[in-house]
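Visitor: So here's my_file.txt, just compact mmCIF, C-alpha atoms:
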```txt
# COMPACT_ATOMS: atom_id res chain seq x y z
CA ALA A 18 19.15 -29.27 -63.66
CA TYR A 19 16.50 -28.96 -60.97
CA GLU A 20 13.13 -30.69 -61.24
CA ILE A 21 9.94 -29.27 -59.75
CA GLY A 22 7.29 -31.81 -58.84
CA VAL A 23 3.80 -30.86 -60.03
CA ARG A 24 0.87 -32.90 -58.77
CA LEU A 25 -1.56 -34.16 -61.38
CA VAL A 26 -5.25 -33.39 -60.93
CA GLY A 27 -8.33 -35.29 -61.96
CA SER A 28 -8.71 -39.06 -62.17
CA GLU A 29 -4.96 -39.80 -62.16
CA MET A 30 -4.21 -37.75 -59.05
CA CYS A 31 -4.83 -40.53 -56.53
CA ILE A 32 -2.54 -43.07 -58.22
CA ARG A 33 0.40 -40.82 -59.00
CA ASP A 34 0.98 -38.91 -55.79
CA ARG A 35 4.28 -40.74 -55.12
CA ARG A 36 5.86 -39.51 -58.35
CA HIS A 37 5.66 -36.18 -60.09
CA THR A 38 5.83 -34.52 -63.48
CA GLY A 39 7.31 -31.05 -63.68
CA PRO A 40 9.68 -28.61 -65.39
CA LEU A 41 13.46 -28.72 -65.22
CA THR A 42 15.38 -25.57 -64.28
CA ARG A 43 19.06 -24.73 -64.58
CA THR A 44 19.61 -22.67 -61.40
CA VAL A 45 18.19 -22.35 -57.90
CA LEU A 46 16.85 -18.91 -58.75
CA ASP A 47 15.07 -20.29 -61.80
CA THR A 48 13.50 -22.93 -59.57
CA ALA A 49 12.25 -20.29 -57.16
CA ILE A 50 10.80 -18.20 -59.99
CA ALA A 51 9.04 -21.25 -61.42
CA LEU A 52 7.55 -22.03 -58.00
CA ASP A 53 6.35 -18.44 -57.70
CA VAL A 54 4.14 -19.20 -60.69
CA LEU A 55 3.26 -22.87 -60.11
CA ALA A 56 2.78 -23.18 -56.35
CA GLY A 57 -0.63 -22.60 -54.83
CA PRO A 58 -4.07 -24.06 -54.21
CA ASP A 59 -6.12 -25.90 -56.81
CA GLU A 60 -9.69 -26.93 -55.99
CA ARG A 61 -9.32 -29.98 -58.22
CA ASP A 62 -6.71 -31.33 -55.79
CA PRO A 63 -8.14 -31.80 -52.27
CA SER A 64 -4.64 -32.06 -50.80
CA SER A 65 -3.35 -28.78 -52.26
CA LEU A 66 -2.17 -26.16 -49.76
CA PRO A 67 -3.52 -22.65 -49.14
CA GLU A 68 -1.91 -19.65 -50.78
CA THR A 69 1.19 -18.44 -48.88
CA ARG A 70 1.34 -15.04 -50.60
CA ASN A 71 5.13 -15.15 -50.27
CA LEU A 72 7.35 -15.25 -53.32
CA PHE A 73 10.10 -17.86 -53.20
CA SER A 74 12.40 -15.82 -55.41
CA SER A 75 12.42 -12.83 -53.03
CA GLN A 76 13.51 -14.91 -50.02
CA ILE A 77 16.08 -17.43 -51.23
CA ASP A 78 19.08 -15.30 -50.23
CA ALA A 79 18.34 -15.39 -46.48
CA GLY A 80 21.33 -17.66 -45.82
CA ILE A 81 21.61 -20.70 -43.56
CA LYS A 82 23.58 -19.42 -40.56
CA GLY A 83 22.71 -21.50 -37.52
CA LYS A 84 20.68 -24.08 -39.45
CA ARG A 85 21.16 -27.62 -38.17
CA MET A 86 22.36 -30.00 -40.85
CA ALA A 87 22.68 -33.79 -40.60
CA PHE A 88 24.60 -35.80 -43.19
CA SER A 89 24.22 -39.43 -44.17
CA CYS A 90 26.08 -41.14 -46.99
CA ASP A 91 23.93 -44.29 -46.92
CA LEU A 92 20.84 -43.76 -44.66
CA GLY A 93 21.82 -47.04 -43.04
CA TYR A 94 21.10 -49.31 -46.01
CA ALA A 95 22.51 -47.99 -49.30
CA SER A 96 25.64 -49.31 -51.02
CA VAL A 97 27.56 -46.28 -52.31
CA GLU A 98 30.49 -46.07 -54.72
CA GLU A 99 33.72 -44.86 -53.14
CA GLU A 100 34.10 -41.81 -55.41
CA ILE A 101 30.56 -40.74 -54.55
CA ARG A 102 31.36 -41.16 -50.85
CA VAL A 103 34.53 -39.05 -51.09
CA LEU A 104 32.87 -36.22 -53.02
CA PHE A 105 29.95 -36.25 -50.59
CA GLU A 106 32.17 -36.04 -47.50
CA ASN A 107 34.18 -33.23 -49.07
CA SER A 108 30.99 -31.18 -49.45
CA LEU A 109 30.52 -30.83 -45.69
CA ARG A 110 33.01 -27.98 -45.47
CA ASP A 111 30.89 -25.88 -47.84
CA PHE A 112 27.96 -25.98 -45.40
CA GLU A 113 30.22 -25.03 -42.51
CA LYS A 114 31.58 -22.07 -44.49
CA CYS A 115 28.00 -20.84 -44.90
CA GLY A 116 27.47 -20.87 -41.12
CA ALA A 117 25.43 -24.05 -40.78
CA THR A 118 25.77 -26.24 -37.70
CA ILE A 119 26.82 -29.81 -38.47
CA GLU A 120 24.86 -32.31 -36.37
CA HIS A 121 26.54 -35.71 -36.09
CA LYS A 122 23.50 -37.95 -35.90
CA PRO A 123 23.68 -41.53 -37.15
CA VAL A 124 20.89 -42.44 -39.56
CA GLN A 125 20.13 -46.16 -39.50
CA TRP A 126 16.85 -46.65 -41.33
CA GLU A 127 15.44 -49.79 -42.87
CA ASP A 128 15.26 -49.58 -46.67
CA PRO A 129 11.66 -48.53 -47.53
CA TYR A 130 11.95 -49.81 -51.11
CA ASN A 131 9.47 -52.69 -50.65
CA CYS A 132 6.89 -50.22 -49.40
CA TRP A 133 7.54 -47.62 -52.10
CA GLU A 134 7.43 -50.10 -54.99
CA ILE A 135 3.78 -50.92 -54.18
CA PHE A 136 2.78 -47.32 -54.88
CA PHE A 137 5.15 -46.87 -57.81
CA TYR A 138 4.52 -50.16 -59.59
CA GLY A 139 0.84 -50.13 -58.76
CA GLY A 140 0.38 -46.63 -60.13
CA ILE A 141 2.12 -47.49 -63.40
CA ALA A 142 0.16 -50.74 -63.74
CA SER A 143 -3.16 -48.99 -63.19
CA ASN A 144 -2.38 -46.75 -66.15
CA LEU A 145 -0.68 -49.18 -68.54
CA GLY A 146 -2.02 -52.54 -67.38
CA PRO A 147 -5.21 -52.36 -69.49
CA LYS A 148 -3.06 -51.72 -72.58
CA LEU A 149 -0.65 -54.59 -71.96
CA ALA A 150 -2.45 -57.20 -74.06
CA ASP A 151 -2.79 -55.07 -77.20
CA GLN A 152 0.18 -52.71 -76.93
CA GLY A 153 2.61 -54.43 -74.56
CA ASP A 154 5.18 -54.94 -77.32
CA LEU A 155 5.47 -51.17 -77.65
CA LEU A 156 6.70 -50.78 -74.09
CA ASP A 157 10.33 -50.56 -73.08
CA PRO A 158 11.26 -54.03 -71.73
CA GLY A 159 12.09 -52.63 -68.29
CA LEU A 160 8.80 -50.75 -68.12
CA ARG A 161 6.87 -53.83 -69.20
CA GLN A 162 8.39 -55.78 -66.30
CA VAL A 163 7.18 -53.08 -63.92
CA VAL A 164 3.65 -53.24 -65.35
CA GLU A 165 3.55 -57.03 -65.19
CA LYS A 166 4.61 -56.94 -61.56
CA GLY A 167 2.18 -54.17 -60.70
CA ILE A 168 -0.94 -55.84 -62.10
CA HIS A 169 -0.52 -58.72 -59.63
CA LEU A 170 -0.57 -56.48 -56.54
CA SER A 171 -3.60 -56.78 -54.28
CA ALA A 172 -5.63 -54.41 -52.14
CA ALA A 173 -4.03 -56.06 -49.11
CA ASP A 174 -0.59 -55.17 -50.52
CA TYR A 175 -1.70 -51.55 -50.82
CA VAL A 176 -3.08 -51.31 -47.29
CA ASP A 177 0.05 -52.95 -45.89
CA ALA A 178 2.17 -50.41 -47.80
CA LEU A 179 0.13 -47.57 -46.27
CA MET A 180 0.91 -48.87 -42.79
CA GLN A 181 4.60 -49.35 -43.65
CA ARG A 182 4.75 -45.81 -44.99
CA ASN A 183 3.36 -44.42 -41.75
CA MET A 184 5.88 -46.39 -39.68
CA PHE A 185 8.71 -45.13 -41.88
CA TRP A 186 7.45 -41.57 -41.53
CA GLN A 187 7.65 -41.83 -37.73
CA GLU A 188 11.36 -42.64 -38.02
CA VAL A 189 11.98 -39.74 -40.37
CA ARG A 190 9.86 -37.35 -38.32
CA SER A 191 11.78 -38.11 -35.13
CA LEU A 192 15.07 -37.20 -36.85
CA PHE A 193 13.71 -33.90 -38.13
CA GLU A 194 12.61 -32.94 -34.64
CA THR A 195 16.29 -32.31 -33.92
CA ILE A 196 17.57 -31.03 -37.29
CA ASP A 197 16.46 -28.62 -40.00
CA PHE A 198 17.88 -30.39 -43.05
CA LEU A 199 19.29 -33.76 -44.05
CA VAL A 200 21.92 -34.10 -46.78
CA THR A 201 22.62 -37.28 -48.76
CA PRO A 202 24.30 -38.13 -52.06
CA SER A 203 22.00 -37.72 -55.05
CA THR A 204 22.68 -41.22 -56.34
CA ALA A 205 24.66 -44.23 -55.11
CA VAL A 206 26.67 -44.63 -58.32
CA LEU A 207 28.24 -42.40 -60.94
CA PRO A 208 26.40 -41.89 -64.26
CA PHE A 209 26.12 -45.09 -66.29
CA SER A 210 25.47 -46.06 -69.89
CA ILE A 211 22.21 -45.20 -71.63
CA GLY A 212 19.98 -48.25 -71.85
CA ASN A 213 21.39 -49.82 -68.69
CA ASN A 214 18.52 -49.53 -66.23
CA ASP A 215 20.23 -51.34 -63.36
CA PRO A 216 24.03 -51.00 -63.18
CA LEU A 217 26.04 -53.06 -60.72
CA ASP A 218 25.92 -51.58 -57.24
CA ALA A 219 28.99 -50.41 -55.34
CA SER A 220 29.68 -53.94 -54.10
CA GLY A 221 29.65 -55.30 -57.66
CA GLN A 222 26.62 -57.44 -56.93
CA ALA A 223 23.71 -58.00 -59.28
CA PRO A 224 21.43 -55.06 -58.48
CA ARG A 225 17.90 -54.92 -57.28
CA SER A 226 15.78 -52.70 -59.52
CA LEU A 227 16.57 -49.01 -59.01
CA SER A 228 19.28 -49.74 -56.43
CA TRP A 229 21.28 -46.87 -57.96
CA THR A 230 18.77 -44.34 -56.60
CA PRO A 231 18.23 -45.25 -52.94
CA PHE A 232 18.01 -41.64 -51.76
CA SER A 233 15.00 -40.46 -53.79
CA TYR A 234 12.12 -42.82 -53.03
CA PRO A 235 12.25 -42.47 -49.22
CA PHE A 236 11.20 -38.86 -49.58
CA ASN A 237 8.65 -39.63 -52.27
CA LEU A 238 7.03 -41.66 -49.49
CA THR A 239 7.23 -38.93 -46.85
CA GLY A 240 6.32 -36.05 -49.17
CA GLN A 241 9.24 -33.87 -48.09
CA PRO A 242 10.82 -31.26 -50.35
CA ALA A 243 14.25 -32.08 -51.71
CA VAL A 244 16.67 -30.55 -54.18
CA THR A 245 19.80 -31.90 -55.85
CA ILE A 246 22.82 -29.72 -56.59
CA PRO A 247 26.25 -30.61 -58.08
CA CYS A 248 29.14 -31.29 -55.72
CA GLY A 249 32.02 -32.29 -57.98
CA TRP A 250 33.45 -34.55 -60.67
CA SER A 251 34.78 -38.07 -60.67
CA GLN A 252 38.31 -38.87 -61.84
CA ASN A 253 36.82 -39.68 -65.26
CA GLY A 254 34.95 -36.38 -65.46
CA LEU A 255 31.52 -37.66 -64.50
CA PRO A 256 29.28 -35.40 -62.38
CA ALA A 257 28.13 -36.16 -58.85
CA GLY A 258 25.58 -34.39 -56.70
CA ILE A 259 24.18 -34.04 -53.21
CA GLN A 260 20.53 -34.00 -52.16
CA ILE A 261 19.15 -31.59 -49.56
CA ILE A 262 15.95 -32.66 -47.79
CA GLY A 263 13.85 -30.36 -45.62
CA ARG A 264 10.92 -30.68 -43.29
CA ARG A 265 7.51 -31.12 -44.81
CA PHE A 266 6.30 -27.92 -46.50
CA ASP A 267 9.69 -26.19 -46.09
CA ASP A 268 10.30 -25.84 -49.82
CA LEU A 269 11.66 -22.34 -49.25
CA GLY A 270 14.20 -23.56 -46.69
CA VAL A 271 15.48 -26.20 -49.10
CA LEU A 272 15.95 -23.57 -51.79
CA GLN A 273 17.74 -21.28 -49.32
CA VAL A 274 20.23 -24.03 -48.49
CA ALA A 275 20.82 -24.81 -52.17
CA ARG A 276 21.28 -21.13 -52.93
CA ALA A 277 23.71 -20.58 -50.04
CA VAL A 278 25.93 -23.56 -50.77
CA SER A 279 27.33 -22.18 -53.97
CA TYR A 280 29.21 -24.55 -56.21
CA THR A 281 30.24 -21.92 -58.72
CA HIS A 282 33.85 -22.79 -57.90
CA LEU A 283 33.39 -26.09 -59.74
CA THR A 284 35.04 -26.03 -63.14
CA LEU A 285 34.10 -28.29 -65.99
CA PRO A 286 36.52 -31.20 -66.36
CA THR A 287 38.48 -31.86 -69.51
CA ILE A 288 36.68 -34.64 -71.34
CA LEU A 289 38.56 -36.60 -73.97
CA LEU A 290 36.42 -37.97 -76.79
CA VAL A 291 37.81 -41.29 -78.04
```
Using structure tokens, write down the structure that the file contains.
Guide:
Amino acid sequence: AYEIGVRLVGSEMCIRDRRHTGPLTRTVLDTAIALDVLAGPDERDPSSLPETRNLFSSQIDAGIKGKRMAFSCDLGYASVEEEIRVLFENSLRDFEKCGATIEHKPVQWEDPYNCWEIFFYGGIASNLGPKLADQGDLLDPGLRQVVEKGIHLSAADYVDALMQRNMFWQEVRSLFETIDFLVTPSTAVLPFSIGNNDPLDASGQAPRSLSWTPFSYPFNLTGQPAVTIPCGWSQNGLPAGIQIIGRRFDDLGVLQVARAVSYTHLTLPTILLV
């Protein structure tokens, strides 16, 4: 499934611009068709972009010949399960078959989690914090911990996070001056049990919150378009995916890459129900 991020408008817009609500689609083409309808300016959102007058769905088959692709399995800080790493590395040949140029550029970033959590936790706390005293028992325990942490953040924490975000963006920006797209795994671990919010990381250590998803929040911070597509199955029949990140505002380019790198050769594994 593909998720399209839709910015909220009105009073909640300013506190939720690092996370998005949107529809799920089953194919790249469906995503493009949905964006044909959803994308565009909205006067209620001062950061919305002008109308492009170009339909995504009519341009997604342009191909990726000559596009410069960089690959990173850990971005310099993530701990990734071995099966995820193997499936990810095997996916490189599919990009080469489509005519893309593989750029071997090491990515050694500092983990921006501490910056991102200020926006994420603070945004949730601003919405649910006032309800904590009367309705806190109704919250999922993991969500309640997030709210309780968020309500203790200060204005100084927020301003510091803004500065950290800008410094992180300069690192990301400099990489994208020499490439068109960056590819990472979708997650650091294979799918885990429902109700387990924080599985053990690849090293078997007690995890930091959300350590299983180290490849999503960096690009929530930078505001770059990204799409996840399947890349294979684990030995136990669990799905794995890769994430394609483009330059800011290059939503169409990201869809073109996802469309070109066809994984229709993947067959569903035999799953034994016991």
Visitor: So which residues touch A:Ala173 within 12 Å, counting only C-alpha atoms, skipping near sequence neighbours fewer than 6 positions away, as a list in words?
Guide: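 Counting only C-alpha atoms, the residues come to Ile135, Leu179 and Met180 of chain A.
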Visitor: Go through A:Pro231, A:Gly270, A:Pro63, A:Gly116 one by one, measure the shortest atom-to-atom distance of each to A:Thr201 using all atoms listed in the file, and give the residue with the smallest value.
Guide: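 The shortest atom-to-atom distance to A:Thr201 comes from A:Pro231.
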Visitor: Looking at only C-alpha atoms, which of A:Thr42, A:Thr118, A:Thr69, A:Asn144 is the one that sits closest to A:Thr195?
Guide: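 For A:Thr195, the nearest of the given residues is A:Thr118.
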Visitor: Tell me which of A:His121, A:Ala87, A:Gly146, A:Pro208 sits closest to A:Gly254, counting all atoms listed in the file.
Guide: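 Smallest separation from A:Gly254 among the options: A:Pro208.
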Visitor: Would you list the residues near (-0.9, -20.9, -55.8), meaning any protein, DNA or RNA residue with an atom at most 12 Å from that point in file coordinates, counting all atoms listed in the file, as a list of chain:residue names?
Guide: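 Residues lying no farther than 12 Å from the given point: A:Val23, A:Ala51, A:Leu52, A:Asp53, A:Val54, A:Leu55, A:Ala56, A:Gly57, A:Pro58, A:Asp59, A:Glu60, A:Asp62, A:Ser65, A:Leu66, A:Pro67, A:Glu68, A:Thr69, A:Arg70, A:Asn71, A:Leu72, A:Phe73.
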Visitor: Would you put the residues from that selection into a file with C-alpha atoms, as a CSV table (one decimal), keeping the file's coordinate frame?
Guide:
```csv
chain,number,residue,atom,x,y,z
A,23,VAL,CA,3.8,-30.9,-60.0
A,51,ALA,CA,9.0,-21.2,-61.4
A,52,LEU,CA,7.6,-22.0,-58.0
A,53,ASP,CA,6.4,-18.4,-57.7
A,54,VAL,CA,4.1,-19.2,-60.7
A,55,LEU,CA,3.3,-22.9,-60.1
A,56,ALA,CA,2.8,-23.2,-56.4
A,57,GLY,CA,-0.6,-22.6,-54.8
A,58,PRO,CA,-4.1,-24.1,-54.2
A,59,ASP,CA,-6.1,-25.9,-56.8
A,60,GLU,CA,-9.7,-26.9,-56.0
A,62,ASP,CA,-6.7,-31.3,-55.8
A,65,SER,CA,-3.4,-28.8,-52.3
A,66,LEU,CA,-2.2,-26.2,-49.8
A,67,PRO,CA,-3.5,-22.6,-49.1
A,68,GLU,CA,-1.9,-19.6,-50.8
A,69,THR,CA,1.2,-18.4,-48.9
A,70,ARG,CA,1.3,-15.0,-50.6
A,71,ASN,CA,5.1,-15.2,-50.3
A,72,LEU,CA,7.4,-15.2,-53.3
A,73,PHE,CA,10.1,-17.9,-53.2
```
Visitor: Near A:Ile246, within 7 Å and counting only C-alpha atoms, which residues show up once chain neighbours fewer than 6 positions away are dropped, as a list of chain:residue names?
Guide: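 The residues that qualify are A:Gly258, A:Ile259, A:Gln260, A:Ala275.
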Visitor: Report, in Å to a single decimal, how far apart atom CA of A:Trp133 and atom CA of A:Gly167 are.
Guide: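 Distance reported for this atom pair: 12.1 Å.
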Visitor: Excluding A:Val274 and residues on its chain fewer than 2 positions from it, collect all residues at most 8 Å away from it, counting all atoms listed in the file, and give them as a list in words.
Guide: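 Those residues are Gly80, Ile81, Ile261, Gly270, Val271, Leu272, Arg276, Ala277 and Val278 of chain A.
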Visitor: Grab the atom CA of A:Val206 to atom CA of A:Trp250 distance for me, in Å with one decimal place.
Guide: 12.4 Å
Visitor: Would you mind reading off the distance between atom CA of A:Phe136 and atom CA of A:Leu160, one decimal, in Å?
Guide: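 Rounded to one decimal, the two atoms are 14.9 Å apart.
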Visitor: Go through A:Asp267, A:Pro256, A:Trp229, A:Arg190 one by one, measure the shortest atom-to-atom distance of each to A:Ala243 using all atoms listed in the file, and give the residue with the smallest value.
Guide: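 Looking at the shortest contact to A:Ala243, the residue is A:Asp267.
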Visitor: My list of candidates is A:Cys132, A:Ile141, A:Val164, A:Ile119. Which is closest to A:Lys82 when distances are computed with only C-alpha atoms?
Guide: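 Nearest to A:Lys82: A:Ile119.
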Visitor: Using only C-alpha atoms, which of A:Gly153, A:Pro129, A:Pro242, A:Pro158 sits nearest A:Ala95?
Guide: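 Among the listed residues, the smallest separation from A:Ala95 belongs to A:Pro129.
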